[in-house]
$ cat structure-v8.tsv   # TSV, C-alpha atoms
chain	number	residue	atom	x	y	z
R	1	MET	CA	-36.36	13.26	5.60
R	2	THR	CA	-33.40	11.08	6.53
R	3	ALA	CA	-30.15	12.93	6.95
R	4	THR	CA	-27.26	11.69	4.82
R	5	ALA	CA	-23.60	11.88	5.74
R	6	THR	CA	-21.45	14.28	3.80
R	7	PRO	CA	-18.93	12.31	1.71
R	8	ALA	CA	-15.34	12.66	2.84
R	9	ALA	CA	-13.31	15.01	0.72
R	10	LYS	CA	-11.45	13.19	-2.02
R	11	LYS	CA	-7.71	13.60	-2.27
R	12	SER	CA	-6.94	15.75	-5.30
R	13	THR	CA	-3.43	14.54	-6.09
R	14	TYR	CA	-1.55	11.31	-5.54
R	15	ARG	CA	2.04	10.19	-5.65
R	16	PRO	CA	2.51	7.61	-8.43
R	17	LEU	CA	2.47	4.41	-6.35
R	18	GLU	CA	-0.47	5.65	-4.26
R	19	LEU	CA	-2.69	5.09	-7.28
R	20	PHE	CA	-1.82	1.39	-7.08
R	21	ASP	CA	-2.15	1.35	-3.28
R	22	THR	CA	0.82	-1.01	-3.10
R	23	ASP	CA	1.32	-0.28	0.61
R	24	ARG	CA	-1.80	-2.37	1.16
R	25	LEU	CA	0.21	-5.40	0.00
R	26	LEU	CA	2.86	-4.92	2.71
R	27	ASP	CA	2.76	-5.72	6.41
R	28	ASP	CA	3.63	-3.29	9.19
R	29	ASP	CA	7.24	-4.46	9.52
R	30	GLU	CA	7.85	-4.12	5.79
R	31	ARG	CA	6.41	-0.61	5.71
R	32	GLU	CA	8.50	0.39	8.72
R	33	ILE	CA	11.70	-0.91	7.17
R	34	ALA	CA	11.02	0.99	3.96
R	35	ALA	CA	10.28	4.19	5.89
R	36	THR	CA	13.43	3.84	8.00
R	37	VAL	CA	15.68	3.38	4.97
R	38	ARG	CA	13.94	6.23	3.13
R	39	LYS	CA	14.57	8.57	6.06
R	40	PHE	CA	18.26	7.61	6.09
R	41	VAL	CA	18.50	8.24	2.34
R	42	ASP	CA	16.74	11.60	2.63
R	43	THR	CA	18.79	12.89	5.55
R	44	ARG	CA	22.24	11.33	5.04
R	45	LEU	CA	22.65	10.38	1.38
R	46	ARG	CA	20.51	12.61	-0.81
R	47	PRO	CA	22.10	15.91	0.35
R	48	ASN	CA	25.55	14.60	-0.65
R	49	VAL	CA	24.93	12.40	-3.67
R	50	GLY	CA	25.47	15.15	-6.24
R	51	GLU	CA	28.91	15.90	-4.84
R	52	TRP	CA	29.84	12.21	-4.63
R	53	PHE	CA	28.61	11.60	-8.18
R	54	GLU	CA	30.53	14.58	-9.55
R	55	SER	CA	33.75	13.67	-7.70
R	56	ALA	CA	33.32	9.94	-8.43
R	57	THR	CA	33.70	8.92	-4.79
R	58	LEU	CA	31.87	6.81	-2.23
R	59	PRO	CA	33.04	7.43	1.34
R	60	ARG	CA	34.26	4.26	3.05
R	61	GLU	CA	32.64	5.31	6.31
R	62	LEU	CA	29.22	4.70	4.77
R	63	ALA	CA	29.83	0.98	5.28
R	64	LYS	CA	29.50	1.31	9.06
R	65	GLU	CA	26.46	3.54	8.65
R	66	PHE	CA	24.82	0.93	6.43
R	67	GLY	CA	25.74	-1.67	9.04
R	68	LYS	CA	24.15	0.36	11.80
R	69	LEU	CA	21.06	0.79	9.63
R	70	GLY	CA	20.89	-3.01	9.39
R	71	VAL	CA	20.81	-3.38	5.61
R	72	LEU	CA	24.04	-5.37	5.10
R	73	GLY	CA	23.10	-9.01	4.58
R	74	MET	CA	19.73	-8.14	6.07
R	75	HIS	CA	18.00	-11.14	4.47
R	76	LEU	CA	20.47	-13.64	6.02
R	77	GLN	CA	19.93	-15.39	9.35
R	78	GLY	CA	22.34	-15.17	12.29
R	79	TYR	CA	25.95	-13.92	12.41
R	80	GLY	CA	24.78	-10.40	13.21
R	81	CYS	CA	22.40	-10.20	10.23
R	82	ALA	CA	18.88	-8.83	10.58
R	83	GLY	CA	17.12	-11.92	9.21
R	84	THR	CA	14.34	-10.07	7.36
R	85	ASN	CA	12.22	-11.52	4.60
R	86	ALA	CA	12.94	-11.06	0.91
R	87	VAL	CA	10.29	-8.38	0.39
R	88	SER	CA	11.80	-6.23	3.17
R	89	TYR	CA	15.22	-6.57	1.57
R	90	GLY	CA	13.74	-5.58	-1.78
R	91	LEU	CA	12.06	-2.52	-0.29
R	92	ALA	CA	15.35	-1.44	1.30
R	93	CYS	CA	17.02	-1.78	-2.11
R	94	MET	CA	14.28	0.36	-3.66
R	95	GLU	CA	14.73	3.14	-1.13
R	96	LEU	CA	18.52	3.05	-1.47
R	97	GLU	CA	18.36	3.25	-5.26
R	98	ALA	CA	15.90	6.11	-5.03
R	99	GLY	CA	18.94	7.92	-3.67
R	100	ASP	CA	21.41	6.49	-6.18
R	101	SER	CA	22.15	3.14	-7.80
R	102	GLY	CA	25.62	3.32	-6.27
R	103	PHE	CA	24.18	2.98	-2.76
R	104	ARG	CA	22.10	-0.04	-3.69
R	105	SER	CA	25.07	-1.54	-5.54
R	106	PHE	CA	27.27	-1.29	-2.46
R	107	VAL	CA	24.66	-2.95	-0.24
R	108	SER	CA	23.80	-5.54	-2.89
R	109	VAL	CA	27.40	-6.59	-3.49
R	110	GLN	CA	28.15	-6.68	0.23
R	111	GLY	CA	25.06	-8.67	1.20
R	112	SER	CA	23.91	-10.67	-1.81
R	113	LEU	CA	27.28	-11.50	-3.34
R	114	SER	CA	30.10	-11.31	-0.80
R	115	MET	CA	28.15	-12.28	2.32
R	116	PHE	CA	25.77	-14.68	0.59
R	117	SER	CA	28.65	-16.59	-0.99
R	118	ILE	CA	30.15	-17.13	2.47
R	119	TYR	CA	26.76	-17.82	4.09
R	120	ARG	CA	25.73	-20.39	1.47
R	121	TYR	CA	29.03	-22.05	0.61
R	122	GLY	CA	31.46	-21.26	3.43
R	123	SER	CA	32.62	-23.29	6.41
R	124	GLU	CA	31.47	-22.41	9.90
R	125	GLU	CA	34.91	-20.97	10.59
R	126	GLN	CA	34.68	-18.74	7.50
R	127	LYS	CA	31.20	-17.59	8.47
R	128	ASN	CA	32.22	-16.70	12.00
R	129	GLU	CA	35.34	-14.92	10.81
R	130	TRP	CA	33.73	-12.72	8.18
R	131	LEU	CA	29.94	-12.43	8.40
R	132	PRO	CA	29.62	-10.48	11.68
R	133	ARG	CA	32.23	-7.97	10.51
R	134	LEU	CA	30.63	-7.61	7.10
R	135	ALA	CA	27.15	-7.23	8.60
R	136	ALA	CA	28.38	-4.42	10.83
R	137	GLY	CA	30.27	-2.70	8.02
R	138	ASP	CA	33.53	-3.17	9.91
R	139	ALA	CA	34.77	-5.05	6.85
R	140	ILE	CA	33.87	-4.63	3.18
R	141	GLY	CA	33.58	-7.44	0.65
R	142	CYS	CA	33.59	-7.77	-3.13
R	143	PHE	CA	32.82	-10.56	-5.60
R	144	GLY	CA	35.25	-11.49	-8.36
R	145	LEU	CA	33.57	-13.44	-11.16
R	146	THR	CA	33.49	-11.27	-14.31
R	147	GLU	CA	36.66	-11.17	-16.41
R	148	PRO	CA	37.72	-8.75	-19.17
R	149	ASP	CA	36.77	-11.22	-21.93
R	150	PHE	CA	34.08	-13.18	-20.10
R	151	GLY	CA	31.06	-11.27	-18.88
R	152	SER	CA	27.94	-13.04	-20.13
R	153	ASN	CA	29.92	-16.28	-20.47
R	154	PRO	CA	31.56	-16.78	-17.06
R	155	ALA	CA	32.18	-20.44	-17.88
R	156	GLY	CA	35.04	-19.27	-20.07
R	157	MET	CA	36.96	-17.75	-17.15
R	158	ARG	CA	40.75	-17.90	-17.36
R	159	THR	CA	41.55	-17.28	-13.69
R	160	ARG	CA	43.22	-20.44	-12.38
R	161	ALA	CA	43.79	-21.95	-8.96
R	162	ARG	CA	46.42	-24.70	-8.70
R	163	ARG	CA	47.42	-26.84	-5.79
R	164	ASP	CA	50.87	-26.40	-4.29
R	165	GLY	CA	51.13	-28.71	-1.33
R	166	SER	CA	48.33	-27.78	1.04
R	167	ASP	CA	48.05	-24.28	-0.47
R	168	TRP	CA	46.27	-22.84	-3.47
R	169	VAL	CA	47.97	-20.41	-5.87
R	170	LEU	CA	45.69	-18.09	-7.88
R	171	ASN	CA	46.47	-16.24	-11.11
R	172	GLY	CA	44.14	-14.17	-13.23
R	173	THR	CA	42.24	-10.92	-13.68
R	174	LYS	CA	38.71	-9.89	-12.74
R	175	MET	CA	36.97	-6.83	-14.15
R	176	TRP	CA	34.12	-4.43	-13.26
R	177	ILE	CA	34.24	-5.39	-9.60
R	178	THR	CA	32.10	-3.16	-7.36
R	179	ASN	CA	33.77	-2.27	-4.02
R	180	GLY	CA	37.09	-3.71	-5.26
R	181	ASN	CA	39.31	-0.91	-3.95
R	182	LEU	CA	37.36	-0.69	-0.70
R	183	ALA	CA	37.26	-4.40	0.05
R	184	ASP	CA	38.94	-6.26	2.89
R	185	VAL	CA	38.00	-9.64	1.44
R	186	ALA	CA	37.24	-10.76	-2.10
R	187	THR	CA	35.27	-13.85	-3.08
R	188	VAL	CA	37.22	-14.93	-6.16
R	189	TRP	CA	36.05	-17.66	-8.53
R	190	ALA	CA	38.70	-19.67	-10.34
R	191	ARG	CA	39.18	-22.80	-12.41
R	192	THR	CA	40.76	-25.73	-10.59
R	193	GLY	CA	40.67	-28.03	-13.63
R	194	ASN	CA	39.23	-28.35	-17.11
R	195	GLY	CA	35.80	-29.80	-16.35
R	196	ASP	CA	32.50	-27.95	-16.14
R	197	ARG	CA	32.38	-28.53	-12.39
R	198	ASP	CA	36.01	-27.56	-11.80
R	199	ILE	CA	35.22	-24.03	-10.60
R	200	SER	CA	35.73	-23.07	-6.96
R	201	GLY	CA	35.37	-20.00	-4.80
R	202	PHE	CA	38.14	-18.62	-2.59
R	203	LEU	CA	38.13	-15.99	0.14
R	204	VAL	CA	41.06	-13.71	-0.57
R	205	PRO	CA	42.03	-11.12	2.05
R	206	THR	CA	42.94	-8.08	-0.02
R	207	ASP	CA	46.24	-7.56	1.83
R	208	THR	CA	47.49	-10.92	0.53
R	209	PRO	CA	50.76	-10.55	-1.45
R	210	GLY	CA	50.12	-10.61	-5.18
R	211	PHE	CA	46.59	-9.20	-4.92
R	212	THR	CA	46.06	-5.76	-6.50
R	213	ALA	CA	42.89	-3.71	-6.98
R	214	ASN	CA	43.04	-1.00	-9.65
R	215	GLU	CA	40.20	1.50	-9.56
R	216	ILE	CA	38.47	2.20	-12.88
R	217	HIS	CA	38.23	5.92	-13.57
R	218	ARG	CA	36.51	8.19	-16.11
R	219	LYS	CA	33.15	6.45	-15.73
R	220	LEU	CA	30.00	8.06	-17.11
R	221	SER	CA	27.75	5.87	-14.96
R	222	LEU	CA	27.68	4.65	-11.33
R	223	ARG	CA	30.07	7.40	-10.39
R	224	ALA	CA	29.05	7.30	-6.71
R	225	SER	CA	30.37	3.74	-6.61
R	226	VAL	CA	33.84	2.20	-6.62
R	227	THR	CA	34.53	-0.10	-9.59
R	228	SER	CA	37.79	-1.98	-9.93
R	229	GLU	CA	39.98	-4.43	-11.78
R	230	LEU	CA	41.37	-7.22	-9.60
R	231	VAL	CA	44.75	-8.71	-10.49
R	232	LEU	CA	45.91	-11.96	-8.88
R	233	ASP	CA	49.61	-12.63	-9.44
R	234	ASN	CA	50.66	-15.86	-7.74
R	235	VAL	CA	48.35	-15.20	-4.80
R	236	ARG	CA	49.06	-17.96	-2.28
R	237	LEU	CA	46.23	-19.02	0.00
R	238	PRO	CA	45.90	-21.76	2.61
R	239	GLY	CA	43.56	-24.63	1.87
R	240	SER	CA	41.12	-23.16	4.39
R	241	ALA	CA	40.49	-20.21	2.03
R	242	GLN	CA	38.47	-22.37	-0.35
R	243	LEU	CA	34.68	-22.27	0.01
R	244	PRO	CA	34.06	-25.95	0.80
R	245	LEU	CA	30.47	-26.22	-0.44
R	246	ALA	CA	30.92	-24.38	-3.75
R	247	GLU	CA	31.30	-26.72	-6.70
R	248	GLY	CA	30.89	-25.67	-10.30
R	249	LEU	CA	29.46	-22.59	-11.95
R	250	SER	CA	26.06	-23.01	-10.30
R	251	ALA	CA	27.53	-21.62	-7.06
R	252	PRO	CA	28.46	-18.13	-8.30
R	253	LEU	CA	25.33	-18.03	-10.48
R	254	SER	CA	23.15	-18.61	-7.43
R	255	CYS	CA	24.81	-15.60	-5.79
R	256	LEU	CA	24.09	-13.50	-8.87
R	257	ASN	CA	20.45	-14.50	-8.63
R	258	GLU	CA	20.34	-13.04	-5.11
R	259	ALA	CA	21.75	-9.76	-6.39
R	260	ARG	CA	19.37	-9.67	-9.35
R	261	PHE	CA	16.43	-9.93	-7.01
R	262	GLY	CA	17.53	-6.73	-5.27
R	263	ILE	CA	17.69	-5.01	-8.66
R	264	VAL	CA	14.08	-5.97	-9.42
R	265	PHE	CA	13.07	-3.66	-6.55
R	266	GLY	CA	16.02	-1.28	-6.65
R	267	SER	CA	15.52	-0.10	-10.22
R	268	LEU	CA	11.99	0.98	-9.29
R	269	GLY	CA	13.46	3.31	-6.69
R	270	ALA	CA	15.36	5.18	-9.39
R	271	ALA	CA	12.21	5.30	-11.53
R	272	ARG	CA	10.00	6.49	-8.67
R	273	ASP	CA	12.42	9.24	-7.68
R	274	SER	CA	12.72	10.38	-11.30
R	275	LEU	CA	8.95	10.48	-11.73
R	276	GLU	CA	8.28	12.30	-8.46
R	277	THR	CA	10.99	14.82	-9.32
R	278	ALA	CA	9.47	15.42	-12.75
R	279	ILE	CA	5.96	15.86	-11.34
R	280	ASP	CA	7.15	18.38	-8.76
R	281	TYR	CA	9.22	20.29	-11.30
R	282	ALA	CA	6.53	20.36	-13.99
R	283	GLY	CA	3.95	21.53	-11.47
R	284	SER	CA	5.99	24.62	-10.64
R	285	ARG	CA	7.35	25.31	-14.12
R	286	GLU	CA	5.23	27.76	-16.13
R	287	VAL	CA	5.18	27.47	-19.92
R	288	PHE	CA	3.04	29.86	-21.96
R	289	ASP	CA	1.61	31.29	-18.73
R	290	LYS	CA	0.41	28.06	-17.15
R	291	PRO	CA	2.00	25.10	-15.36
R	292	LEU	CA	3.67	22.46	-17.54
R	293	THR	CA	1.51	19.84	-15.81
R	294	SER	CA	-1.66	21.39	-17.28
R	295	TYR	CA	-0.78	20.30	-20.81
R	296	GLN	CA	-2.22	17.08	-22.22
R	297	LEU	CA	1.10	15.84	-23.58
R	298	THR	CA	2.70	16.24	-20.15
R	299	GLN	CA	-0.13	14.39	-18.43
R	300	GLU	CA	0.09	11.61	-21.01
R	301	LYS	CA	3.78	11.15	-20.24
R	302	LEU	CA	3.18	11.16	-16.50
R	303	ALA	CA	0.26	8.74	-16.75
R	304	ASN	CA	2.15	6.26	-18.96
R	305	MET	CA	5.18	6.32	-16.68
R	306	THR	CA	3.03	5.82	-13.60
R	307	VAL	CA	1.36	2.79	-15.16
R	308	GLU	CA	4.73	1.16	-15.90
R	309	LEU	CA	6.10	1.98	-12.45
R	310	GLY	CA	3.06	0.51	-10.74
R	311	LYS	CA	3.10	-2.65	-12.86
R	312	GLY	CA	6.77	-3.11	-12.01
R	313	MET	CA	6.04	-2.70	-8.31
R	314	LEU	CA	3.28	-5.29	-8.40
R	315	LEU	CA	5.64	-7.69	-10.16
R	316	ALA	CA	8.42	-7.06	-7.64
R	317	ILE	CA	6.20	-7.71	-4.63
R	318	HIS	CA	4.77	-10.85	-6.26
R	319	LEU	CA	8.27	-12.22	-6.95
R	320	GLY	CA	9.26	-11.33	-3.39
R	321	ARG	CA	6.39	-13.37	-1.99
R	322	ILE	CA	7.39	-16.32	-4.18
R	323	LYS	CA	10.98	-15.96	-3.01
R	324	ASP	CA	9.90	-15.91	0.63
R	325	ALA	CA	8.07	-19.17	-0.07
R	326	GLU	CA	11.42	-20.50	-1.42
R	327	GLU	CA	9.79	-21.25	-4.76
R	328	VAL	CA	11.16	-18.54	-7.04
R	329	ARG	CA	12.93	-19.75	-10.20
R	330	PRO	CA	15.91	-18.09	-11.91
R	331	GLU	CA	13.91	-17.34	-15.06
R	332	GLN	CA	11.33	-15.50	-12.93
R	333	ILE	CA	14.07	-13.29	-11.51
R	334	SER	CA	15.27	-12.74	-15.09
R	335	LEU	CA	11.76	-11.64	-16.05
R	336	GLY	CA	11.64	-9.16	-13.18
R	337	LYS	CA	15.10	-7.77	-13.78
R	338	LEU	CA	14.54	-7.42	-17.53
R	339	ASN	CA	11.20	-5.65	-17.23
R	340	ASN	CA	11.86	-3.38	-14.29
R	341	VAL	CA	15.27	-2.11	-15.34
R	342	ARG	CA	14.15	-1.58	-18.92
R	343	GLU	CA	11.08	0.39	-17.82
R	344	ALA	CA	12.98	2.31	-15.13
R	345	LEU	CA	15.53	3.46	-17.69
R	346	ALA	CA	12.77	4.59	-20.05
R	347	ILE	CA	11.07	6.46	-17.20
R	348	ALA	CA	14.27	8.24	-16.14
R	349	ARG	CA	14.98	9.32	-19.71
R	350	GLU	CA	11.43	10.59	-20.25
R	351	CYS	CA	11.47	12.47	-16.96
R	352	ARG	CA	14.63	14.25	-18.05
R	353	THR	CA	12.77	15.63	-21.07
R	354	LEU	CA	10.17	17.24	-18.78
R	355	LEU	CA	12.92	19.10	-16.95
R	356	GLY	CA	14.32	20.61	-20.12
R	357	GLY	CA	17.74	22.20	-19.70
R	358	SER	CA	17.53	21.96	-15.93
R	359	GLY	CA	17.48	18.19	-16.33
R	360	ILE	CA	21.13	17.99	-17.39
R	361	THR	CA	22.36	19.39	-14.06
R	362	LEU	CA	23.07	17.49	-10.87
R	363	GLU	CA	20.45	19.61	-9.12
R	364	TYR	CA	17.87	17.13	-10.40
R	365	SER	CA	18.04	13.33	-10.32
R	366	PRO	CA	16.51	11.86	-13.52
R	367	LEU	CA	19.56	12.05	-15.81
R	368	ARG	CA	21.85	10.80	-13.02
R	369	HIS	CA	19.45	7.88	-12.54
R	370	ALA	CA	19.36	7.27	-16.30
R	371	ASN	CA	23.15	7.22	-16.49
R	372	ASN	CA	23.30	4.74	-13.60
R	373	LEU	CA	20.58	2.54	-15.06
R	374	GLU	CA	22.62	2.18	-18.25
R	375	SER	CA	25.01	0.12	-16.12
R	376	VAL	CA	22.26	-1.68	-14.20
R	377	LEU	CA	20.79	-2.70	-17.57
R	378	THR	CA	23.90	-4.73	-18.38
R	379	TYR	CA	25.33	-5.90	-15.05
R	380	GLU	CA	24.11	-9.02	-13.25
R	381	GLY	CA	23.10	-10.26	-16.69
R	382	THR	CA	22.48	-8.18	-19.81
R	383	SER	CA	18.94	-7.73	-21.12
R	384	GLU	CA	19.84	-10.04	-23.98
R	385	MET	CA	20.83	-12.85	-21.61
R	386	HIS	CA	17.66	-12.44	-19.57
R	387	LEU	CA	15.60	-12.53	-22.77
R	388	LEU	CA	17.29	-15.80	-23.69
R	389	SER	CA	16.72	-17.18	-20.20
R	390	ILE	CA	13.01	-16.47	-20.58
R	391	GLY	CA	13.09	-17.89	-24.10
R	392	LYS	CA	14.65	-21.11	-22.86
R	393	ALA	CA	11.94	-21.42	-20.20
R	394	LEU	CA	9.25	-21.00	-22.87
R	395	THR	CA	10.72	-23.27	-25.54
R	396	GLY	CA	12.97	-25.68	-23.70
R	397	GLN	CA	15.82	-24.78	-26.04
R	398	ALA	CA	18.97	-22.90	-25.07
R	399	ALA	CA	19.90	-20.23	-27.62
R	400	PHE	CA	22.93	-18.80	-25.83
R	401	ARG	CA	25.38	-19.95	-28.50

$ encode --input "structure-v8.tsv" --output "structure tokens"
Amino acid sequence: MTATATPAAKKSTYRPLELFDTDRLLDDDEREIAATVRKFVDTRLRPNVGEWFESATLPRELAKEFGKLGVLGMHLQGYGCAGTNAVSYGLACMELEAGDSGFRSFVSVQGSLSMFSIYRYGSEEQKNEWLPRLAAGDAIGCFGLTEPDFGSNPAGMRTRARRDGSDWVLNGTKMWITNGNLADVATVWARTGNGDRDISGFLVPTDTPGFTANEIHRKLSLRASVTSELVLDNVRLPGSAQLPLAEGLSAPLSCLNEARFGIVFGSLGAARDSLETAIDYAGSREVFDKPLTSYQLTQEKLANMTVELGKGMLLAIHLGRIKDAEEVRPEQISLGKLNNVREALAIARECRTLLGGSGITLEYSPLRHANNLESVLTYEGTSEMHLLSIGKALTGQAAFR
């Protein structure tokens, strides 16, 4: 009789993404980056996030810690930036948002909006002046595009820049600006004329006379994040403050596309953390003398959420590979942002139900994630605008108006 090997013992339980084996789709460097950021989140951020959320604060010193971690502008080349690929950047965003959307928002605005606008459209002098400091977290940046009356329609902006000799003078108001009160430099977009292409970007040091940042208080979402109104009252800048390669609305929109890509991954971090929290809680919570996880309705919820999380992860990695090939299109990013944020929000809400009354406290993350995702759902393009972007790609007809 031929002896047969005893089969290896099968693992009895899996974490949600283990069922999809998505780590198999990553290389060693990508897995190491994700693990490094996750460790930082677990040891430095997660123990404090409840307090920061409740007090509506984000310590400024985190900027230098993010810089030391290497996540600020990490997908940019040179100037002190890490120069990673897009997938690695996405994974870092996912791990940061597993801690809180506020952490990912800070890194996203710093790297994909402030730094990218300088990297893509700035002069060499502007790059050398700002990018190394921003990459290290020695300086903080923000991005002023949205206005009180013009969110989804930035082409209607009222902020104006007029020539006065060799200077520019800026007047206007920007709204919902992440990092505004923390920033040392603001990338501000303004009209220089009446044509569609008469929109330019300007680097505004925040200590410039006439520049004011007013923090927005009483927020119900993104509380561990600084959100501000920017007021520009006859802010005088030298001609060298203008971003020389930025012409028209396509420039700021390309920056937004960079930030949206981070959200495609980041939102999954909030969903994954919510789901893992709910699984752990339900496994230890006894209802009618047995664990909550032993009930069919509970397992149905967990299974459905895991399927949506895994599908979103596969989509994110696929879009990341296309982006690394420099072939990703804006409507593809819209598809990823629309799907993954929408499903992440649904997952966070459903997870809260499994926690019952405990789920409304800051001891557990799902409702905090759900509150944050309400903002993520509408910033960097509302779901409606992303639906219309996809619709235009399918039909060839713009239905924005």

$ atom_distance --input "structure-v8.tsv" --atom1 "CA of Lys39 in chain R" --atom2 "CA of Gly70 in chain R"
13.6 Å

$ atom_distance --input "structure-v8.tsv" --atom1 "CA of Ala213 in chain R" --atom2 "CA of Glu61 in chain R"
19.1 Å

$ closest_residue --input "structure-v8.tsv" --among "R:Leu91, R:Ala82, R:Leu170, R:Leu17" --to "Glu32 in chain R" --atoms "all atoms listed in the file"
R:Leu91

$ closest_atom_pairs --input "structure-v8.tsv" --of "range 152-260 of chain R" --to "range 41-60 of chain R" --cutoff "12 Å" --atoms "only C-alpha atoms" --output "tab-separated table"
residue	atom	partner	partner_atom	distance
R:Thr178	CA	R:Leu58	CA	11.2
R:Asn179	CA	R:Leu58	CA	9.4
R:Gly180	CA	R:Arg60	CA	11.9
R:Asn181	CA	R:Arg60	CA	10.1
R:Leu182	CA	R:Arg60	CA	6.9
R:Ala183	CA	R:Arg60	CA	9.6
R:Asp184	CA	R:Arg60	CA	11.5
R:Glu215	CA	R:Ala56	CA	10.9
R:Ile216	CA	R:Ala56	CA	10.3
R:His217	CA	R:Ala56	CA	8.2
R:Arg218	CA	R:Ala56	CA	8.5
R:Lys219	CA	R:Ala56	CA	8.1
R:Leu220	CA	R:Ala56	CA	9.5
R:Ser221	CA	R:Phe53	CA	8.9
R:Leu222	CA	R:Phe53	CA	7.7
R:Arg223	CA	R:Ala56	CA	4.6
R:Ala224	CA	R:Phe53	CA	4.6
R:Ser225	CA	R:Leu58	CA	5.6
R:Val226	CA	R:Leu58	CA	6.7
R:Thr227	CA	R:Ala56	CA	10.2

$ residues_near_point --input "structure-v8.tsv" --point "(19.2, 4.0, -8.4)" --cutoff "12 Å" --atoms "only C-alpha atoms" --output "ChimeraX atom specification"
/R:41,46,49,92-106,108,221-225,262-274,340-341,344-345,348,365-377

$ write_last_selection --input "structure-v8.tsv" --atoms "C-alpha atoms" --output "PDB file, keeping the file's coordinate frame"
ATOM      1  CA  VAL R  41      18.500   8.240   2.340  1.00  0.00           C
ATOM      2  CA  ARG R  46      20.510  12.610  -0.810  1.00  0.00           C
ATOM      3  CA  VAL R  49      24.930  12.400  -3.670  1.00  0.00           C
ATOM      4  CA  ALA R  92      15.350  -1.440   1.300  1.00  0.00           C
ATOM      5  CA  CYS R  93      17.020  -1.780  -2.110  1.00  0.00           C
ATOM      6  CA  MET R  94      14.280   0.360  -3.660  1.00  0.00           C
ATOM      7  CA  GLU R  95      14.730   3.140  -1.130  1.00  0.00           C
ATOM      8  CA  LEU R  96      18.520   3.050  -1.470  1.00  0.00           C
ATOM      9  CA  GLU R  97      18.360   3.250  -5.260  1.00  0.00           C
ATOM     10  CA  ALA R  98      15.900   6.110  -5.030  1.00  0.00           C
ATOM     11  CA  GLY R  99      18.940   7.920  -3.670  1.00  0.00           C
ATOM     12  CA  ASP R 100      21.410   6.490  -6.180  1.00  0.00           C
ATOM     13  CA  SER R 101      22.150   3.140  -7.800  1.00  0.00           C
ATOM     14  CA  GLY R 102      25.620   3.320  -6.270  1.00  0.00           C
ATOM     15  CA  PHE R 103      24.180   2.980  -2.760  1.00  0.00           C
ATOM     16  CA  ARG R 104      22.100  -0.040  -3.690  1.00  0.00           C
ATOM     17  CA  SER R 105      25.070  -1.540  -5.540  1.00  0.00           C
ATOM     18  CA  PHE R 106      27.270  -1.290  -2.460  1.00  0.00           C
ATOM     19  CA  SER R 108      23.800  -5.540  -2.890  1.00  0.00           C
ATOM     20  CA  SER R 221      27.750   5.870 -14.960  1.00  0.00           C
ATOM     21  CA  LEU R 222      27.680   4.650 -11.330  1.00  0.00           C
ATOM     22  CA  ARG R 223      30.070   7.400 -10.390  1.00  0.00           C
ATOM     23  CA  ALA R 224      29.050   7.300  -6.710  1.00  0.00           C
ATOM     24  CA  SER R 225      30.370   3.740  -6.610  1.00  0.00           C
ATOM     25  CA  GLY R 262      17.530  -6.730  -5.270  1.00  0.00           C
ATOM     26  CA  ILE R 263      17.690  -5.010  -8.660  1.00  0.00           C
ATOM     27  CA  VAL R 264      14.080  -5.970  -9.420  1.00  0.00           C
ATOM     28  CA  PHE R 265      13.070  -3.660  -6.550  1.00  0.00           C
ATOM     29  CA  GLY R 266      16.020  -1.280  -6.650  1.00  0.00           C
ATOM     30  CA  SER R 267      15.520  -0.100 -10.220  1.00  0.00           C
ATOM     31  CA  LEU R 268      11.990   0.980  -9.290  1.00  0.00           C
ATOM     32  CA  GLY R 269      13.460   3.310  -6.690  1.00  0.00           C
ATOM     33  CA  ALA R 270      15.360   5.180  -9.390  1.00  0.00           C
ATOM     34  CA  ALA R 271      12.210   5.300 -11.530  1.00  0.00           C
ATOM     35  CA  ARG R 272      10.000   6.490  -8.670  1.00  0.00           C
ATOM     36  CA  ASP R 273      12.420   9.240  -7.680  1.00  0.00           C
ATOM     37  CA  SER R 274      12.720  10.380 -11.300  1.00  0.00           C
ATOM     38  CA  ASN R 340      11.860  -3.380 -14.290  1.00  0.00           C
ATOM     39  CA  VAL R 341      15.270  -2.110 -15.340  1.00  0.00           C
ATOM     40  CA  ALA R 344      12.980   2.310 -15.130  1.00  0.00           C
ATOM     41  CA  LEU R 345      15.530   3.460 -17.690  1.00  0.00           C
ATOM     42  CA  ALA R 348      14.270   8.240 -16.140  1.00  0.00           C
ATOM     43  CA  SER R 365      18.040  13.330 -10.320  1.00  0.00           C
ATOM     44  CA  PRO R 366      16.510  11.860 -13.520  1.00  0.00           C
ATOM     45  CA  LEU R 367      19.560  12.050 -15.810  1.00  0.00           C
ATOM     46  CA  ARG R 368      21.850  10.800 -13.020  1.00  0.00           C
ATOM     47  CA  HIS R 369      19.450   7.880 -12.540  1.00  0.00           C
ATOM     48  CA  ALA R 370      19.360   7.270 -16.300  1.00  0.00           C
ATOM     49  CA  ASN R 371      23.150   7.220 -16.490  1.00  0.00           C
ATOM     50  CA  ASN R 372      23.300   4.740 -13.600  1.00  0.00           C
ATOM     51  CA  LEU R 373      20.580   2.540 -15.060  1.00  0.00           C
ATOM     52  CA  GLU R 374      22.620   2.180 -18.250  1.00  0.00           C
ATOM     53  CA  SER R 375      25.010   0.120 -16.120  1.00  0.00           C
ATOM     54  CA  VAL R 376      22.260  -1.680 -14.200  1.00  0.00           C
ATOM     55  CA  LEU R 377      20.790  -2.700 -17.570  1.00  0.00           C
TER      56      LEU R 377
END

$ closest_residue --input "structure-v8.tsv" --among "R:Cys81, R:Leu297, R:Ala251, R:Leu62" --to "Leu145 in chain R" --atoms "only C-alpha atoms"
R:Ala251
